[in-house]
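So this one's model_30.cif, mmCIF, C-alpha atoms:
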data_target
loop_
_atom_site.label_atom_id
_atom_site.label_comp_id
_atom_site.auth_asym_id
_atom_site.auth_seq_id
_atom_site.Cartn_x
_atom_site.Cartn_y
_atom_site.Cartn_z
CA MET A 1 -7.42 73.10 27.03
CA THR A 2 -6.29 74.79 30.26
CA LYS A 3 -9.90 75.58 31.09
CA PHE A 4 -10.72 71.89 30.65
CA TYR A 5 -8.06 70.82 33.14
CA TRP A 6 -9.34 73.39 35.61
CA VAL A 7 -12.84 71.94 35.35
CA LEU A 8 -11.49 68.39 35.65
CA GLY A 9 -9.42 69.41 38.64
CA ALA A 10 -12.41 71.07 40.30
CA VAL A 11 -14.51 67.92 39.87
CA ALA A 12 -11.65 65.85 41.29
CA VAL A 13 -11.25 68.09 44.32
CA ILE A 14 -14.99 68.12 45.04
CA GLY A 15 -15.20 64.35 44.58
CA VAL A 16 -12.22 63.57 46.81
CA ALA A 17 -13.50 65.97 49.48
CA ALA A 18 -17.04 64.55 49.44
CA VAL A 19 -16.05 60.90 49.47
CA GLY A 20 -13.22 61.56 51.94
CA TYR A 21 -15.61 63.31 54.30
CA SER A 22 -18.10 60.48 54.00
CA VAL A 23 -15.53 57.78 54.70
CA GLY A 24 -13.82 59.79 57.42
CA SER A 25 -17.01 60.52 59.34
CA ASN A 26 -18.46 57.06 59.37
CA SER A 27 -19.35 57.17 63.04
CA PHE A 28 -23.05 56.91 63.62
CA GLY A 29 -23.89 60.13 65.37
CA ALA A 30 -25.12 59.68 68.90
CA ALA A 31 -25.77 55.98 68.50
CA ALA A 32 -24.90 53.94 71.57
CA THR A 33 -22.41 51.34 70.40
CA GLU A 34 -21.06 50.19 73.74
CA PRO A 35 -22.54 49.00 77.03
CA VAL A 36 -23.78 51.69 79.39
CA VAL A 37 -24.08 51.79 83.16
CA VAL A 38 -27.68 51.38 84.24
CA GLU A 39 -28.83 52.47 87.67
CA GLY A 40 -29.69 49.50 89.84
CA MET A 41 -27.73 47.03 87.76
CA ASP A 42 -25.51 46.14 90.70
CA ASP A 43 -28.50 44.94 92.68
CA PRO A 44 -29.35 41.36 91.61
CA THR A 45 -33.07 41.86 92.23
CA GLN A 46 -33.23 45.00 90.12
CA LEU A 47 -31.00 43.43 87.51
CA MET A 48 -33.54 40.64 87.03
CA SER A 49 -36.15 43.22 86.07
CA LEU A 50 -33.81 45.40 84.02
CA ALA A 51 -32.66 42.46 81.91
CA GLN A 52 -35.31 41.45 79.44
CA GLY A 53 -35.41 38.43 77.20
CA ILE A 54 -37.52 38.26 74.09
CA THR A 55 -39.88 35.33 74.12
CA LYS A 56 -41.22 33.22 71.31
CA GLY A 57 -43.99 30.73 71.88
CA ASP A 58 -46.63 30.03 74.49
CA ALA A 59 -45.85 31.86 77.73
CA ASN A 60 -47.33 28.90 79.65
CA ALA A 61 -45.31 26.25 77.84
CA PRO A 62 -43.95 23.63 80.28
CA ILE A 63 -40.34 24.01 79.15
CA THR A 64 -38.27 27.15 78.75
CA ILE A 65 -35.25 27.26 76.47
CA VAL A 66 -33.05 30.28 77.13
CA GLU A 67 -30.31 31.44 74.83
CA PHE A 68 -27.60 34.02 75.51
CA ALA A 69 -26.05 34.99 72.20
CA ASP A 70 -23.94 37.47 70.29
CA TYR A 71 -24.87 38.45 66.74
CA SER A 72 -21.24 38.43 65.61
CA CYS A 73 -20.46 34.99 67.03
CA PRO A 74 -20.23 32.27 64.35
CA GLY A 75 -21.45 29.55 66.74
CA CYS A 76 -24.55 31.63 67.47
CA GLY A 77 -25.10 32.00 63.74
CA ALA A 78 -24.84 28.25 63.22
CA PHE A 79 -27.21 27.63 66.15
CA ALA A 80 -29.71 30.17 64.83
CA LEU A 81 -29.71 28.82 61.30
CA GLN A 82 -29.37 25.08 61.91
CA VAL A 83 -30.74 24.22 65.34
CA LYS A 84 -33.28 26.90 66.17
CA PRO A 85 -35.60 26.18 63.23
CA GLN A 86 -35.87 22.54 64.35
CA LEU A 87 -36.52 23.58 67.95
CA ASP A 88 -39.11 26.01 66.70
CA LEU A 89 -40.91 23.38 64.68
CA GLN A 90 -40.78 20.56 67.19
CA PHE A 91 -41.13 22.30 70.53
CA VAL A 92 -42.13 25.97 70.26
CA GLN A 93 -44.86 25.71 67.64
CA THR A 94 -46.30 22.65 69.38
CA GLY A 95 -46.59 24.53 72.66
CA LYS A 96 -44.15 22.24 74.47
CA ALA A 97 -41.53 24.94 74.99
CA LYS A 98 -41.01 28.66 74.79
CA PHE A 99 -37.78 30.19 73.58
CA VAL A 100 -36.26 33.22 75.31
CA TYR A 101 -33.44 35.20 73.76
CA TYR A 102 -31.02 37.33 75.79
CA ASP A 103 -28.27 39.52 74.37
CA PHE A 104 -24.71 38.74 75.34
CA PRO A 105 -22.62 40.99 73.08
CA LEU A 106 -18.95 40.14 73.52
CA VAL A 107 -17.86 43.69 72.82
CA SER A 108 -14.18 43.10 73.54
CA ILE A 109 -13.84 40.82 70.52
CA HIS A 110 -16.88 41.82 68.44
CA PRO A 111 -17.00 45.61 68.06
CA HIS A 112 -20.36 45.67 66.25
CA SER A 113 -22.28 43.22 68.38
CA PHE A 114 -23.65 45.79 70.83
CA LEU A 115 -25.02 47.97 68.03
CA ALA A 116 -26.42 44.87 66.31
CA ALA A 117 -28.16 43.87 69.54
CA ARG A 118 -29.64 47.36 69.79
CA ALA A 119 -30.71 47.19 66.16
CA ALA A 120 -32.55 43.93 66.83
CA ARG A 121 -34.23 45.56 69.82
CA CYS A 122 -35.28 48.46 67.60
CA ALA A 123 -36.79 45.91 65.22
CA ASN A 124 -38.48 44.25 68.19
CA SER A 125 -40.13 47.53 69.12
CA MET A 126 -41.55 47.56 65.59
CA GLY A 127 -42.74 43.97 65.74
CA LYS A 128 -40.06 42.33 63.58
CA PHE A 129 -37.51 40.96 66.04
CA TRP A 130 -37.25 37.39 64.80
CA GLU A 131 -37.23 38.42 61.14
CA TYR A 132 -34.51 40.98 61.82
CA GLN A 133 -32.50 38.52 63.89
CA ASP A 134 -32.69 36.08 61.00
CA GLN A 135 -31.20 38.75 58.72
CA LEU A 136 -28.38 39.41 61.17
CA PHE A 137 -27.43 35.77 61.47
CA ARG A 138 -27.86 34.93 57.78
CA ASN A 139 -25.66 37.81 56.72
CA GLN A 140 -23.23 37.59 59.65
CA PRO A 141 -20.17 36.56 57.57
CA SER A 142 -20.60 39.70 55.48
CA TRP A 143 -21.45 42.51 57.90
CA SER A 144 -19.67 41.45 61.06
CA VAL A 145 -16.21 41.86 59.53
CA LYS A 146 -16.76 45.31 58.06
CA PRO A 147 -15.26 48.42 59.64
CA ALA A 148 -18.70 50.09 59.71
CA VAL A 149 -22.02 48.27 59.75
CA GLU A 150 -24.67 50.95 60.06
CA GLY A 151 -25.55 50.77 56.38
CA ASP A 152 -26.02 47.01 56.61
CA LEU A 153 -28.16 47.31 59.72
CA LEU A 154 -30.40 49.79 57.92
CA GLY A 155 -30.47 47.51 54.89
CA PHE A 156 -31.70 44.57 56.99
CA ALA A 157 -34.46 46.79 58.35
CA ALA A 158 -35.50 47.58 54.80
CA ALA A 159 -35.35 43.90 53.89
CA VAL A 160 -37.85 42.96 56.61
CA GLY A 161 -40.12 45.86 55.74
CA LEU A 162 -39.48 48.21 58.66
CA ASP A 163 -40.05 51.93 58.34
CA GLN A 164 -36.62 53.33 57.44
CA GLY A 165 -37.05 56.66 59.21
CA ASP A 166 -38.28 55.17 62.48
CA PHE A 167 -35.65 52.45 62.49
CA GLU A 168 -32.81 54.83 61.71
CA ALA A 169 -33.95 57.22 64.43
CA CYS A 170 -33.96 54.35 66.93
CA LEU A 171 -30.57 53.07 65.81
CA LYS A 172 -29.01 56.52 65.97
CA SER A 173 -30.22 57.04 69.51
CA ASP A 174 -29.30 55.28 72.76
CA GLN A 175 -32.59 53.39 72.83
CA PHE A 176 -32.32 49.89 74.30
CA ALA A 177 -28.69 50.43 75.31
CA ASP A 178 -29.89 49.94 78.89
CA VAL A 179 -31.67 46.64 78.22
CA VAL A 180 -28.81 45.20 76.20
CA SER A 181 -26.34 46.31 78.90
CA ALA A 182 -28.51 44.75 81.60
CA ASN A 183 -28.69 41.50 79.64
CA LEU A 184 -24.93 41.54 79.32
CA ARG A 185 -24.53 42.05 83.07
CA LEU A 186 -27.04 39.29 83.78
CA ALA A 187 -25.01 36.89 81.65
CA GLU A 188 -21.87 37.85 83.55
CA GLU A 189 -23.61 37.43 86.91
CA LEU A 190 -24.78 33.99 85.83
CA GLY A 191 -21.18 33.07 85.09
CA ILE A 192 -21.78 32.74 81.38
CA ASN A 193 -18.52 33.08 79.54
CA GLY A 194 -19.26 31.92 76.03
CA THR A 195 -21.81 32.12 73.28
CA PRO A 196 -24.16 30.67 72.50
CA THR A 197 -25.15 29.53 75.97
CA ILE A 198 -28.30 27.44 76.13
CA MET A 199 -30.18 26.79 79.36
CA MET A 200 -33.34 24.81 79.86
CA SER A 201 -35.80 24.67 82.69
CA ARG A 202 -39.27 23.35 83.38
CA GLY A 203 -41.87 25.36 85.19
CA ASN A 204 -40.21 27.50 87.77
CA GLY A 205 -37.48 24.93 88.35
CA MET A 206 -33.76 25.55 88.27
CA ALA A 207 -32.29 26.16 84.85
CA ARG A 208 -30.00 23.53 83.49
CA ARG A 209 -27.09 24.73 81.39
CA LEU A 210 -26.39 22.57 78.38
CA THR A 211 -22.86 21.70 77.42
CA ASN A 212 -23.91 20.51 73.97
CA PHE A 213 -26.32 22.55 71.93
CA ASP A 214 -26.83 20.44 68.86
CA PHE A 215 -30.46 19.59 68.18
CA ALA A 216 -30.23 15.95 69.32
CA SER A 217 -28.87 16.98 72.74
CA ILE A 218 -31.51 19.63 73.29
CA GLU A 219 -34.24 17.31 72.06
CA SER A 220 -33.09 14.63 74.46
CA VAL A 221 -33.14 17.00 77.45
CA ALA A 222 -36.51 18.42 76.41
CA ASN A 223 -38.04 14.96 76.05
CA ASP A 224 -36.67 13.96 79.46
CA MET A 225 -38.24 17.07 80.99
CA LEU A 226 -41.56 16.43 79.27
CA ALA A 227 -41.49 12.83 80.51
CA GLU A 228 -40.81 14.03 84.06
CA ILE A 229 -43.70 16.46 83.85
CA GLU A 230 -45.98 13.73 82.54
CA ALA A 231 -44.86 11.33 85.27
CA GLU A 232 -45.54 13.93 87.96
CA LYS A 233 -48.99 14.54 86.55
CA THR A 234 -49.73 10.81 86.55
CA ALA A 235 -48.45 10.37 90.12
CA GLY A 236 -50.56 13.29 91.26
CA PRO A 237 -49.71 15.77 94.01
CA THR A 238 -47.28 14.48 96.59
CA GLY A 239 -46.18 15.71 100.01
CA ASN A 240 -48.98 17.31 102.02
CA MET B 1 -9.28 65.73 12.46
CA SER B 2 -5.68 66.75 11.94
CA GLU B 3 -2.81 66.63 14.44
CA HIS B 4 -3.09 70.39 14.89
CA SER B 5 -6.84 70.47 15.39
CA ALA B 6 -8.34 71.46 18.73
CA PRO B 7 -8.95 68.64 21.21
CA PRO B 8 -12.40 67.08 20.68
CA VAL B 9 -14.84 68.76 23.02
CA ASN B 10 -16.99 65.66 23.33
CA ARG B 11 -14.03 63.71 24.78
CA MET B 12 -13.37 66.48 27.28
CA VAL B 13 -17.04 66.31 28.29
CA ILE B 14 -16.81 62.53 28.64
CA ALA B 15 -13.70 62.88 30.82
CA VAL B 16 -15.43 65.29 33.21
CA LEU B 17 -18.65 63.25 33.35
CA SER B 18 -16.70 60.01 33.85
CA LEU B 19 -14.74 61.53 36.72
CA ALA B 20 -17.99 62.62 38.39
CA GLY B 21 -19.43 59.14 37.80
CA PHE B 22 -16.30 57.56 39.22
CA PHE B 23 -16.82 59.37 42.53
CA VAL B 24 -20.52 58.47 42.64
CA ALA B 25 -19.68 54.80 42.04
CA PHE B 26 -16.80 54.94 44.53
CA TYR B 27 -19.12 56.36 47.19
CA MET B 28 -21.57 53.48 46.70
CA LEU B 29 -18.73 50.94 46.64
CA ALA B 30 -17.27 52.40 49.84
CA HIS B 31 -20.69 51.98 51.42
CA SER B 32 -21.05 48.38 50.30
CA LEU B 33 -17.58 47.62 51.70
CA GLY B 34 -18.56 49.16 55.03
CA TRP B 35 -16.18 52.12 54.80
CA THR B 36 -18.95 54.64 55.32
CA GLY B 37 -22.03 54.99 57.45
CA PRO B 38 -25.49 54.94 55.85
CA LEU B 39 -25.71 56.41 52.36
CA ILE B 40 -26.79 60.02 52.30
CA CYS B 41 -30.13 59.62 50.63
CA GLY B 42 -32.26 62.76 50.66
CA VAL B 43 -34.49 61.41 47.92
CA GLY B 44 -35.60 57.81 47.59
CA ASP B 45 -34.73 54.72 49.58
CA CYS B 46 -31.07 53.87 49.04
CA ALA B 47 -31.00 51.25 51.81
CA THR B 48 -33.62 49.11 50.09
CA VAL B 49 -31.86 49.33 46.74
CA GLN B 50 -28.39 48.73 48.13
CA SER B 51 -29.49 45.77 50.24
CA SER B 52 -31.34 44.09 47.37
CA LYS B 53 -29.86 41.06 45.66
CA TYR B 54 -29.39 43.16 42.52
CA ALA B 55 -26.73 45.32 44.18
CA LYS B 56 -24.19 42.59 43.51
CA ILE B 57 -23.33 40.25 40.67
CA GLY B 58 -22.05 37.22 42.53
CA PRO B 59 -19.58 38.61 45.04
CA VAL B 60 -18.91 41.77 42.99
CA PRO B 61 -20.78 44.98 43.88
CA VAL B 62 -22.40 46.57 40.83
CA SER B 63 -20.88 49.87 41.95
CA GLY B 64 -17.42 48.33 41.55
CA LEU B 65 -18.17 47.48 37.94
CA GLY B 66 -19.47 51.01 37.41
CA MET B 67 -16.36 52.50 38.94
CA LEU B 68 -14.19 50.44 36.62
CA ALA B 69 -16.23 51.46 33.55
CA TYR B 70 -16.03 55.16 34.48
CA LEU B 71 -12.29 54.85 35.07
CA VAL B 72 -11.67 53.27 31.67
CA MET B 73 -13.88 55.85 29.90
CA MET B 74 -12.07 58.68 31.65
CA GLY B 75 -8.68 57.22 30.76
CA ALA B 76 -9.67 56.69 27.13
CA SER B 77 -11.12 60.18 26.76
CA LEU B 78 -8.06 61.82 28.36
CA LEU B 79 -5.84 59.82 26.03
CA GLY B 80 -8.08 60.81 23.13
CA ILE B 81 -7.52 64.54 23.62
CA GLN B 82 -3.74 64.28 23.49
CA PRO B 83 -1.99 65.39 20.26
CA GLY B 84 -1.61 62.39 18.03
CA ARG B 85 -4.64 60.61 19.46
CA ARG B 86 -7.36 63.05 18.60
CA ASP B 87 -8.61 61.01 15.65
CA SER B 88 -7.84 57.63 17.17
CA ALA B 89 -10.43 55.05 16.10
CA LEU B 90 -9.41 52.80 19.00
CA VAL B 91 -10.30 55.52 21.51
CA GLY B 92 -13.58 56.02 19.65
CA ARG B 93 -14.37 52.30 19.77
CA VAL B 94 -13.63 52.08 23.48
CA LEU B 95 -15.79 55.12 24.25
CA VAL B 96 -18.70 54.05 22.06
CA GLY B 97 -18.53 50.45 23.24
CA LEU B 98 -18.34 51.22 26.93
CA ALA B 99 -20.89 54.04 26.76
CA THR B 100 -23.36 51.75 24.98
CA VAL B 101 -22.88 48.82 27.36
CA SER B 102 -23.07 51.20 30.35
CA LEU B 103 -26.27 52.78 29.04
CA LEU B 104 -27.92 49.39 28.51
CA PHE B 105 -26.85 48.12 31.93
CA SER B 106 -27.89 51.35 33.58
CA GLY B 107 -31.26 51.09 31.87
CA TYR B 108 -31.64 47.57 33.22
CA LEU B 109 -30.81 48.76 36.76
CA THR B 110 -33.29 51.61 36.45
CA TYR B 111 -35.94 49.11 35.30
CA LEU B 112 -35.19 46.98 38.39
CA GLU B 113 -35.58 49.98 40.66
CA ALA B 114 -38.90 50.94 39.08
CA TYR B 115 -40.58 47.57 38.62
CA VAL B 116 -38.82 44.95 40.74
CA ILE B 117 -37.33 46.60 43.84
CA HIS B 118 -39.93 49.39 43.90
CA ALA B 119 -37.47 51.82 45.43
CA TRP B 120 -35.16 54.50 44.09
CA CYS B 121 -31.60 55.28 45.03
CA GLN B 122 -30.63 58.84 44.21
CA TRP B 123 -27.03 57.84 43.53
CA CYS B 124 -28.09 55.13 41.07
CA VAL B 125 -30.29 57.66 39.30
CA THR B 126 -27.41 60.16 39.26
CA SER B 127 -25.19 57.52 37.72
CA ALA B 128 -27.87 56.67 35.14
CA VAL B 129 -28.10 60.34 34.15
CA LEU B 130 -24.31 60.61 33.85
CA VAL B 131 -24.15 57.47 31.71
CA THR B 132 -26.86 58.82 29.43
CA LEU B 133 -24.96 62.09 29.01
CA ILE B 134 -21.74 60.17 28.31
CA PHE B 135 -23.55 58.11 25.68
CA LEU B 136 -24.83 61.28 24.01
CA ALA B 137 -21.35 62.82 24.15
CA ALA B 138 -19.93 59.68 22.52
CA ILE B 139 -22.20 59.92 19.47
CA PRO B 140 -19.62 61.94 17.43
CA GLU B 141 -17.24 58.99 17.89
CA TRP B 142 -19.43 56.82 15.65
CA LYS B 143 -17.96 58.44 12.57
CA LEU B 144 -14.49 57.21 13.63
CA LEU B 145 -15.49 53.61 14.03
CA GLY B 146 -15.06 52.68 10.42
CA GLY B 147 -11.57 54.06 10.00
CA GLY B 148 -9.14 56.59 11.43
CA LYS B 149 -5.91 55.89 13.28
CA ALA B 150 -5.47 53.13 15.78
#

Translate this structure into structure tokens?
Amino acid sequence: MTKFYWVLGAVAVIGVAAVGYSVGSNSFGAAATEPVVVEGMDDPTQLMSLAQGITKGDANAPITIVEFADYSCPGCGAFALQVKPQLDLQFVQTGKAKFVYYDFPLVSIHPHSFLAARAARCANSMGKFWEYQDQLFRNQPSWSVKPAVEGDLLGFAAAVGLDQGDFEACLKSDQFADVVSANLRLAEELGINGTPTIMMSRGNGMARRLTNFDFASIESVANDMLAEIEAEKTAGPTGN
Amino acid sequence: MSEHSAPPVNRMVIAVLSLAGFFVAFYMLAHSLGWTGPLICGVGDCATVQSSKYAKIGPVPVSGLGMLAYLVMMGASLLGIQPGRRDSALVGRVLVGLATVSLLFSGYLTYLEAYVIHAWCQWCVTSAVLVTLIFLAAIPEWKLLGGGKA
């Protein structure tokens, strides 16, 4: 009987030690989880090239819809799941607009949003950005409140069919920390202070920041822009 | 078995196996609750299995159910080796019942891994092996089911 309790005790000690070690060391190695300083970021001209949006749709589309968003922000989740699909269907797929996504991780209130933004960039480098982003937003209520999210981020990669080894290596590194940090700085320089922030522009014109980002509001602005473009075409070149 | 007989070896085996299973299930539960980083998965593809819709029943992680089952089996088997409980039919029923249900459920999960998810999680396989061993260790309990002490 004594021998039995020794064996039971040994299993208990090993189990507690193994699980305790696993829970205690839940940091993700050398993964960059916070913004980094990027050389040249203080120079507005260089910042414009360091910051990189991810574009969906025809690069020559007459209208550009820009979003600055945070993967842990509920409003961004609602926008991604309710408004973006309609925009996609009505404007992006029809070639009337292109959609450009910029990261704006609000790291002071959302501790996982920087890593999530990097994870999405890793997925982008493997050709699955929009699918991965969809996973992040769909599952946001679950993963964003957890104390550690690395397992979930890897799970989303598996769900969209990414190579686990390559994705994990990317996530564990500091890859794309510079781009995400530059995007964050760009948002700050533009005076953006909330997420999601939606801006629209036509051609190379000035971007217009929308105060409402429900579908009807964006549709209305987009249709106005398209009408202006059409009217200018009809009127022909002016000036000279 | 009499009050002075030696404690049943099969129940001692079940206690040890259940404790090991408890830690395996707890590790997977801790992962699903976000308490740990990625699962250590030297063999197989734990991320695919753990992120599948089969990893939960409604809001409850399957690992949580497993942890509970292991805990009850360990408690019952430890109770069943105490003097006065060594020929308890109630302990036998609990062990046989839980071991059978666990084996069937574990078999179903293994089927899902093989034919639906098409990925293996080494911890799920470990748990399936432990459950099978517990079921085998519970076989001697069958003779207590018809009678014995409560």

**OP:** Could you give me, as a ChimeraX atom specification, the residues that sit within 12 Å of (-40.3, 36.9, 73.9) in the file's coordinates, counting only C-alpha atoms?
**Re:** /A:52-59,64-67,92,98-102,121,124-125,127-130

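Coordinates place atom CA of A:Leu89 at a distance of 15.0 Å from atom CA of A:Asp214.
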
**OP:** Could you expand the PyMOL selection byres ((chain A and resi 11-19) around 12) into the explicit residues it covers here, written as a VMD selection string?
**Re:** (chain A and resid 4 to 10 20 to 26) or (chain B and resid 13 15 to 31 35 to 37 39 to 40)

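Compared by their closest atoms to B:Tyr111, and using all atoms listed in the file, the residues B:Tyr54, B:Pro7, B:Gly44, B:Arg85 rank with B:Tyr54 nearest.
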
Subject >> Expected selection from the PyMOL selection byres ((chain B and resi 9) around 12), given as a PyMOL selection string >> reply: (chain A and resi 1+3-4) or (chain B and resi 5-8+10-16+77-78+80-82+86+137-138+140-141)

Original post:
What gap, in Å, lies between atom CA of B:Gln50 and atom CA of A:Gln82?
Top reply: 27.4 Å

Subject >> Chain and number of each residue from the PyMOL selection byres ((chain A and resi 162-176) around 7), as a list in words >> reply: Phe28, Gly29, Ala30, Ala31, Ala32, Arg118, Ala119, Arg121, Cys122, Leu154, Ala157, Ala158, Val160, Gly161, Ala177, Asp178, Val179 and Val180 of chain A

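Of note, atom CA of A:Ser181 and atom CA of A:Cys76 are spaced 18.7 Å apart.
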
Subject >> Counting all atoms listed in the file, the residue of A:Ala222, A:Leu186, A:Ala159, A:Ala69 that sits nearest chain B >> reply: A:Ala159

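Using all atoms listed in the file, the nearest neighbour of chain B within the list A:Arg202, A:Arg185, A:Lys146, A:Arg208 is A:Lys146.
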
Original post:
For the point (-25.6, 36.8, 79.4) in file coordinates, what residues are within 7 Å, counting only C-alpha atoms? Give the answer as a PyMOL selection string?
Top reply: chain A and resi 68+102-104+183-188+192

Generate the missing atoms of stretch 94-116 of chain A up to N, CA and C atoms and report them as a PDB file, in the coordinates of the input.
ATOM      1  N   THR A  94     -45.378  23.659  68.818  1.00  0.00           N
ATOM      2  CA  THR A  94     -46.300  22.650  69.380  1.00  0.00           C
ATOM      3  C   THR A  94     -46.708  22.996  70.806  1.00  0.00           C
ATOM      4  N   GLY A  95     -46.196  24.099  71.322  1.00  0.00           N
ATOM      5  CA  GLY A  95     -46.590  24.530  72.660  1.00  0.00           C
ATOM      6  C   GLY A  95     -45.863  23.803  73.772  1.00  0.00           C
ATOM      7  N   LYS A  96     -44.864  22.982  73.429  1.00  0.00           N
ATOM      8  CA  LYS A  96     -44.150  22.240  74.470  1.00  0.00           C
ATOM      9  C   LYS A  96     -43.090  23.102  75.146  1.00  0.00           C
ATOM     10  N   ALA A  97     -42.599  24.102  74.423  1.00  0.00           N
ATOM     11  CA  ALA A  97     -41.530  24.940  74.990  1.00  0.00           C
ATOM     12  C   ALA A  97     -41.678  26.380  74.495  1.00  0.00           C
ATOM     13  N   LYS A  98     -41.146  27.283  75.286  1.00  0.00           N
ATOM     14  CA  LYS A  98     -41.010  28.660  74.790  1.00  0.00           C
ATOM     15  C   LYS A  98     -39.513  28.957  74.708  1.00  0.00           C
ATOM     16  N   PHE A  99     -39.180  29.853  73.811  1.00  0.00           N
ATOM     17  CA  PHE A  99     -37.780  30.190  73.580  1.00  0.00           C
ATOM     18  C   PHE A  99     -37.556  31.630  74.024  1.00  0.00           C
ATOM     19  N   VAL A 100     -36.539  31.858  74.818  1.00  0.00           N
ATOM     20  CA  VAL A 100     -36.260  33.220  75.310  1.00  0.00           C
ATOM     21  C   VAL A 100     -34.843  33.607  74.916  1.00  0.00           C
ATOM     22  N   TYR A 101     -34.751  34.734  74.247  1.00  0.00           N
ATOM     23  CA  TYR A 101     -33.440  35.200  73.760  1.00  0.00           C
ATOM     24  C   TYR A 101     -32.920  36.361  74.623  1.00  0.00           C
ATOM     25  N   TYR A 102     -31.694  36.236  75.072  1.00  0.00           N
ATOM     26  CA  TYR A 102     -31.020  37.330  75.790  1.00  0.00           C
ATOM     27  C   TYR A 102     -29.754  37.731  75.026  1.00  0.00           C
ATOM     28  N   ASP A 103     -29.486  39.019  75.030  1.00  0.00           N
ATOM     29  CA  ASP A 103     -28.270  39.520  74.370  1.00  0.00           C
ATOM     30  C   ASP A 103     -27.053  39.271  75.255  1.00  0.00           C
ATOM     31  N   PHE A 104     -25.997  38.835  74.632  1.00  0.00           N
ATOM     32  CA  PHE A 104     -24.710  38.740  75.340  1.00  0.00           C
ATOM     33  C   PHE A 104     -23.621  39.204  74.375  1.00  0.00           C
ATOM     34  N   PRO A 105     -23.602  40.502  74.050  1.00  0.00           N
ATOM     35  CA  PRO A 105     -22.620  40.990  73.080  1.00  0.00           C
ATOM     36  C   PRO A 105     -21.211  41.008  73.660  1.00  0.00           C
ATOM     37  N   LEU A 106     -20.346  40.225  73.047  1.00  0.00           N
ATOM     38  CA  LEU A 106     -18.950  40.140  73.520  1.00  0.00           C
ATOM     39  C   LEU A 106     -18.170  41.294  72.885  1.00  0.00           C
ATOM     40  N   VAL A 107     -18.356  42.471  73.464  1.00  0.00           N
ATOM     41  CA  VAL A 107     -17.860  43.690  72.820  1.00  0.00           C
ATOM     42  C   VAL A 107     -16.329  43.765  72.730  1.00  0.00           C
ATOM     43  N   SER A 108     -15.651  43.022  73.580  1.00  0.00           N
ATOM     44  CA  SER A 108     -14.180  43.100  73.540  1.00  0.00           C
ATOM     45  C   SER A 108     -13.624  42.453  72.274  1.00  0.00           C
ATOM     46  N   ILE A 109     -14.339  41.468  71.738  1.00  0.00           N
ATOM     47  CA  ILE A 109     -13.840  40.820  70.520  1.00  0.00           C
ATOM     48  C   ILE A 109     -14.727  41.084  69.304  1.00  0.00           C
ATOM     49  N   HIS A 110     -15.947  41.548  69.547  1.00  0.00           N
ATOM     50  CA  HIS A 110     -16.880  41.820  68.440  1.00  0.00           C
ATOM     51  C   HIS A 110     -17.374  43.275  68.535  1.00  0.00           C
ATOM     52  N   PRO A 111     -16.684  44.191  67.876  1.00  0.00           N
ATOM     53  CA  PRO A 111     -17.000  45.610  68.060  1.00  0.00           C
ATOM     54  C   PRO A 111     -18.406  46.031  67.610  1.00  0.00           C
ATOM     55  N   HIS A 112     -19.033  45.246  66.741  1.00  0.00           N
ATOM     56  CA  HIS A 112     -20.360  45.670  66.250  1.00  0.00           C
ATOM     57  C   HIS A 112     -21.513  44.973  66.977  1.00  0.00           C
ATOM     58  N   SER A 113     -21.194  44.056  67.866  1.00  0.00           N
ATOM     59  CA  SER A 113     -22.280  43.220  68.380  1.00  0.00           C
ATOM     60  C   SER A 113     -23.237  43.992  69.289  1.00  0.00           C
ATOM     61  N   PHE A 114     -22.740  45.017  69.985  1.00  0.00           N
ATOM     62  CA  PHE A 114     -23.650  45.790  70.830  1.00  0.00           C
ATOM     63  C   PHE A 114     -24.641  46.567  69.961  1.00  0.00           C
ATOM     64  N   LEU A 115     -24.126  47.199  68.922  1.00  0.00           N
ATOM     65  CA  LEU A 115     -25.020  47.970  68.030  1.00  0.00           C
ATOM     66  C   LEU A 115     -26.003  47.029  67.332  1.00  0.00           C
ATOM     67  N   ALA A 116     -25.521  45.851  66.956  1.00  0.00           N
ATOM     68  CA  ALA A 116     -26.420  44.870  66.310  1.00  0.00           C
ATOM     69  C   ALA A 116     -27.520  44.443  67.270  1.00  0.00           C
TER      70      ALA A 116
END
